[in-house]
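Scroll down for the structure; my scribbles are underneath it.
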Amino acid sequence: MTEATTAAGAWVRRFHPAEDAAARLVCFPHAGGSASYYFPVSRALSPRLDVVAVQYPGRQDRRHEPCVDDVRRLADLAAAELRPWCDRPLALFGHSLGTTLAFEVALRLEADGTKPLVLFASGRRAPSRHRENERVHLADDERLISTIKRMSGTDAAVLADDELLRTVLPAIRADYKAAETYRHHPGPPLACPLVVLNGDQDPEVTAEEAEAWTDHTSADCTFHWFPGGHFYLNDHAPEVIALIRDEVLNRL
């Protein structure tokens with residue numbers, strides 16, 4: 001790990017510092033994911049954007065810390081850690097669980113007077129849409145492993161190593177619990193614009209569930225559909241990264 005990544009503190013990873021960038025992008029990982037998932041995004045966008053990624057407790061270098069299995073608690077902690085990073089225009093990107101967390105963090109930042117340039121909501125239905133039958137976090141290890149393999153979001157090396165996979169299961173289970181037990185508390189919508197991205201074959205997000213994001217902002221809300229499933233962005237990284245870059249820079 002480089003000095004650039006450790007200097008940011010436990011919650012924030014900054015792989016390619018871009019001190020002269022006009023804006024900063026904050027990235028929130030999916031369930032079971034880590035900040036390193038966004039290393040390629042950081043590399044591609046630096047130095048145009050200063051990219052930082054949030055590292056949740058209970059994984060990688062934070063693996064000895066207790067996991068947090070509640071979105072609002074995670075949002076409280078993450079927002080507090082991100083406030084020193086609001087010294088320039090800020091954009092937020094989340095995928096799956098990370099989208100819900102980014103939304104809750106955006107609410108807290110706006111309440112403190114920091115309006116994000118834009119929130120990118122990827123691979124997640126609108127906060128007001130939940131599914132009562134989601135119980136993966138209560139399943140046994142075998143079903144949980146089967147689920148994450150089907151979703152194709154976990155590193156192939158981890159999936160291939162049964163012992164390693166089982167060591168990360170507590171963090172994955174905590175993340176699934178956070179995602180599945182989250183319920184939106186009605187309140188004022190965000191003031192920042194939303195850009196919603198999804199795979200057109202994603203079983204986790206229907207068109208209606210995605211379109212409901214319009215209820216969560218008083219600004220504009222635009223939609224982008226890509227070929228693929230829940231992790232469509234793995235197959236369309238150049239297009240997604242270009243979209244992020246253009247949306248952020250055009251809003252400065």
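By convention in this document, the chains of the structure tokens carry letters A, B, ... by their order, each chain's residues are numbered from 1, and ligands are numbered from 1 in the order they are shown.
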
Quick check for you: according to DSSP on this backbone, which residues of range 58-243 of chain A are classed as strand (DSSP E)? Reply as a PDB file with C-alpha atoms, in the first residue's frame.
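Printed below is selection-v3.pdb as written:
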ATOM      1  CA  LEU A  90     -17.957  16.623  -5.020  1.00  0.00           C
ATOM      2  CA  ALA A  91     -19.663  13.886  -7.029  1.00  0.00           C
ATOM      3  CA  LEU A  92     -20.780  10.533  -5.618  1.00  0.00           C
ATOM      4  CA  PHE A  93     -20.827   7.135  -7.343  1.00  0.00           C
ATOM      5  CA  GLY A  94     -22.259   3.985  -5.820  1.00  0.00           C
ATOM      6  CA  HIS A  95     -22.988   0.513  -7.111  1.00  0.00           C
ATOM      7  CA  VAL A 118     -24.259  14.767  -9.092  1.00  0.00           C
ATOM      8  CA  LEU A 119     -25.062  11.364  -7.627  1.00  0.00           C
ATOM      9  CA  PHE A 120     -24.484   8.325  -9.844  1.00  0.00           C
ATOM     10  CA  ALA A 121     -26.896   5.555  -8.811  1.00  0.00           C
ATOM     11  CA  SER A 122     -25.731   2.275 -10.323  1.00  0.00           C
ATOM     12  CA  LEU A 194     -29.149  12.002 -10.336  1.00  0.00           C
ATOM     13  CA  VAL A 195     -27.679   9.834 -13.083  1.00  0.00           C
ATOM     14  CA  VAL A 196     -29.108   6.307 -12.912  1.00  0.00           C
ATOM     15  CA  LEU A 197     -27.195   3.424 -14.527  1.00  0.00           C
ATOM     16  CA  ASN A 198     -28.333  -0.186 -14.819  1.00  0.00           C
ATOM     17  CA  GLY A 199     -27.878  -3.412 -16.749  1.00  0.00           C
ATOM     18  CA  CYS A 221     -32.730  12.610 -13.219  1.00  0.00           C
ATOM     19  CA  THR A 222     -31.377  10.833 -16.288  1.00  0.00           C
ATOM     20  CA  PHE A 223     -31.201   7.124 -17.108  1.00  0.00           C
ATOM     21  CA  HIS A 224     -28.656   4.933 -18.883  1.00  0.00           C
ATOM     22  CA  TRP A 225     -29.223   1.254 -19.645  1.00  0.00           C
ATOM     23  CA  PHE A 226     -26.340  -1.027 -20.607  1.00  0.00           C
TER      24      PHE A 226
END

Contacts of range 25-35 of chain A at 8 Å (only C-alpha atoms; same-chain gap of 2+ positions) as an NGL selection string: :A and (13 or 23 or 37-39 or 49-56 or 59-60 or 90-99 or 101-102 or 153-154 or 168 or 171-173 or 175-176 or 179)

Separating CA of Asp87 in chain A from CA of Thr114 in chain A, to the nearest tenth of an Å, is a gap of 9.7 Å

Apply DSSP to the structure's backbone, then extract all residues of range 24-117 of chain A labelled alpha helix (DSSP H) and return them as number ranges by chain. A: 39-45, 71-82, 97-111

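Closest approach to Leu117 in chain A from the set A:Ser146, A:Thr206, A:Asn250, A:Thr167 is made by A:Asn250, with distances taken over only C-alpha atoms.
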
Excluding Glu208 in chain A and its own-chain neighbours fewer than 3 positions away, which residues fall within 12 Å of it when counting only C-alpha atoms? Please give them as JSON, numbers by chain. {"A": [124, 125, 126, 128, 129, 130, 204, 205, 211, 212, 213, 214, 215, 223]}

Take the residues just selected and output them with N, CA, C and O atoms as a PDB file, in the first residue's frame.
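Output below, filename part_7.pdb:
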ATOM      1  N   ARG A 124     -28.970  -0.323  -8.574  1.00  0.00           N
ATOM      2  CA  ARG A 124     -29.788  -0.366  -7.366  1.00  0.00           C
ATOM      3  C   ARG A 124     -31.118   0.329  -7.614  1.00  0.00           C
ATOM      4  O   ARG A 124     -31.171   1.404  -8.216  1.00  0.00           O
ATOM      5  N   ARG A 125     -32.178  -0.299  -7.159  1.00  0.00           N
ATOM      6  CA  ARG A 125     -33.494   0.321  -7.268  1.00  0.00           C
ATOM      7  C   ARG A 125     -33.580   1.550  -6.375  1.00  0.00           C
ATOM      8  O   ARG A 125     -32.758   1.748  -5.477  1.00  0.00           O
ATOM      9  N   ALA A 126     -34.586   2.375  -6.610  1.00  0.00           N
ATOM     10  CA  ALA A 126     -34.763   3.602  -5.841  1.00  0.00           C
ATOM     11  C   ALA A 126     -34.937   3.286  -4.361  1.00  0.00           C
ATOM     12  O   ALA A 126     -35.477   2.231  -3.997  1.00  0.00           O
ATOM     13  N   SER A 128     -37.034   4.156  -2.218  1.00  0.00           N
ATOM     14  CA  SER A 128     -38.418   3.931  -1.806  1.00  0.00           C
ATOM     15  C   SER A 128     -38.979   2.600  -2.285  1.00  0.00           C
ATOM     16  O   SER A 128     -40.129   2.260  -1.990  1.00  0.00           O
ATOM     17  N   ARG A 129     -38.197   1.835  -3.025  1.00  0.00           N
ATOM     18  CA  ARG A 129     -38.645   0.538  -3.533  1.00  0.00           C
ATOM     19  C   ARG A 129     -37.859  -0.580  -2.854  1.00  0.00           C
ATOM     20  O   ARG A 129     -36.657  -0.683  -3.023  1.00  0.00           O
ATOM     21  N   HIS A 130     -38.526  -1.389  -2.081  1.00  0.00           N
ATOM     22  CA  HIS A 130     -37.847  -2.524  -1.461  1.00  0.00           C
ATOM     23  C   HIS A 130     -38.639  -3.803  -1.712  1.00  0.00           C
ATOM     24  O   HIS A 130     -39.814  -3.766  -2.072  1.00  0.00           O
ATOM     25  N   GLU A 204     -32.015  -7.638 -10.204  1.00  0.00           N
ATOM     26  CA  GLU A 204     -32.146  -6.884  -8.961  1.00  0.00           C
ATOM     27  C   GLU A 204     -32.852  -5.542  -9.147  1.00  0.00           C
ATOM     28  O   GLU A 204     -33.221  -4.895  -8.156  1.00  0.00           O
ATOM     29  N   VAL A 205     -33.019  -5.094 -10.392  1.00  0.00           N
ATOM     30  CA  VAL A 205     -33.606  -3.777 -10.651  1.00  0.00           C
ATOM     31  C   VAL A 205     -34.522  -3.847 -11.861  1.00  0.00           C
ATOM     32  O   VAL A 205     -34.063  -4.081 -12.985  1.00  0.00           O
ATOM     33  N   GLU A 211     -36.905   3.749 -12.397  1.00  0.00           N
ATOM     34  CA  GLU A 211     -37.540   5.027 -12.719  1.00  0.00           C
ATOM     35  C   GLU A 211     -38.018   5.770 -11.470  1.00  0.00           C
ATOM     36  O   GLU A 211     -38.164   7.001 -11.487  1.00  0.00           O
ATOM     37  N   ALA A 212     -38.243   5.039 -10.388  1.00  0.00           N
ATOM     38  CA  ALA A 212     -38.688   5.673  -9.150  1.00  0.00           C
ATOM     39  C   ALA A 212     -37.629   6.589  -8.542  1.00  0.00           C
ATOM     40  O   ALA A 212     -37.927   7.362  -7.623  1.00  0.00           O
ATOM     41  N   TRP A 213     -36.396   6.539  -9.052  1.00  0.00           N
ATOM     42  CA  TRP A 213     -35.373   7.484  -8.582  1.00  0.00           C
ATOM     43  C   TRP A 213     -35.802   8.934  -8.821  1.00  0.00           C
ATOM     44  O   TRP A 213     -35.322   9.846  -8.140  1.00  0.00           O
ATOM     45  N   THR A 214     -36.673   9.168  -9.784  1.00  0.00           N
ATOM     46  CA  THR A 214     -37.114  10.548 -10.047  1.00  0.00           C
ATOM     47  C   THR A 214     -37.798  11.158  -8.831  1.00  0.00           C
ATOM     48  O   THR A 214     -37.855  12.386  -8.699  1.00  0.00           O
ATOM     49  N   ASP A 215     -38.321  10.321  -7.935  1.00  0.00           N
ATOM     50  CA  ASP A 215     -38.993  10.821  -6.735  1.00  0.00           C
ATOM     51  C   ASP A 215     -38.008  11.311  -5.686  1.00  0.00           C
ATOM     52  O   ASP A 215     -38.425  11.910  -4.689  1.00  0.00           O
ATOM     53  N   PHE A 223     -31.329   8.573 -17.187  1.00  0.00           N
ATOM     54  CA  PHE A 223     -31.201   7.124 -17.108  1.00  0.00           C
ATOM     55  C   PHE A 223     -30.326   6.595 -18.241  1.00  0.00           C
ATOM     56  O   PHE A 223     -30.406   7.067 -19.376  1.00  0.00           O
TER      57      PHE A 223
END

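Using only C-alpha atoms, the nearest neighbour of Ser42 in chain A within the list A:Arg143, A:Arg62, A:His230, A:Arg14 is A:Arg14.
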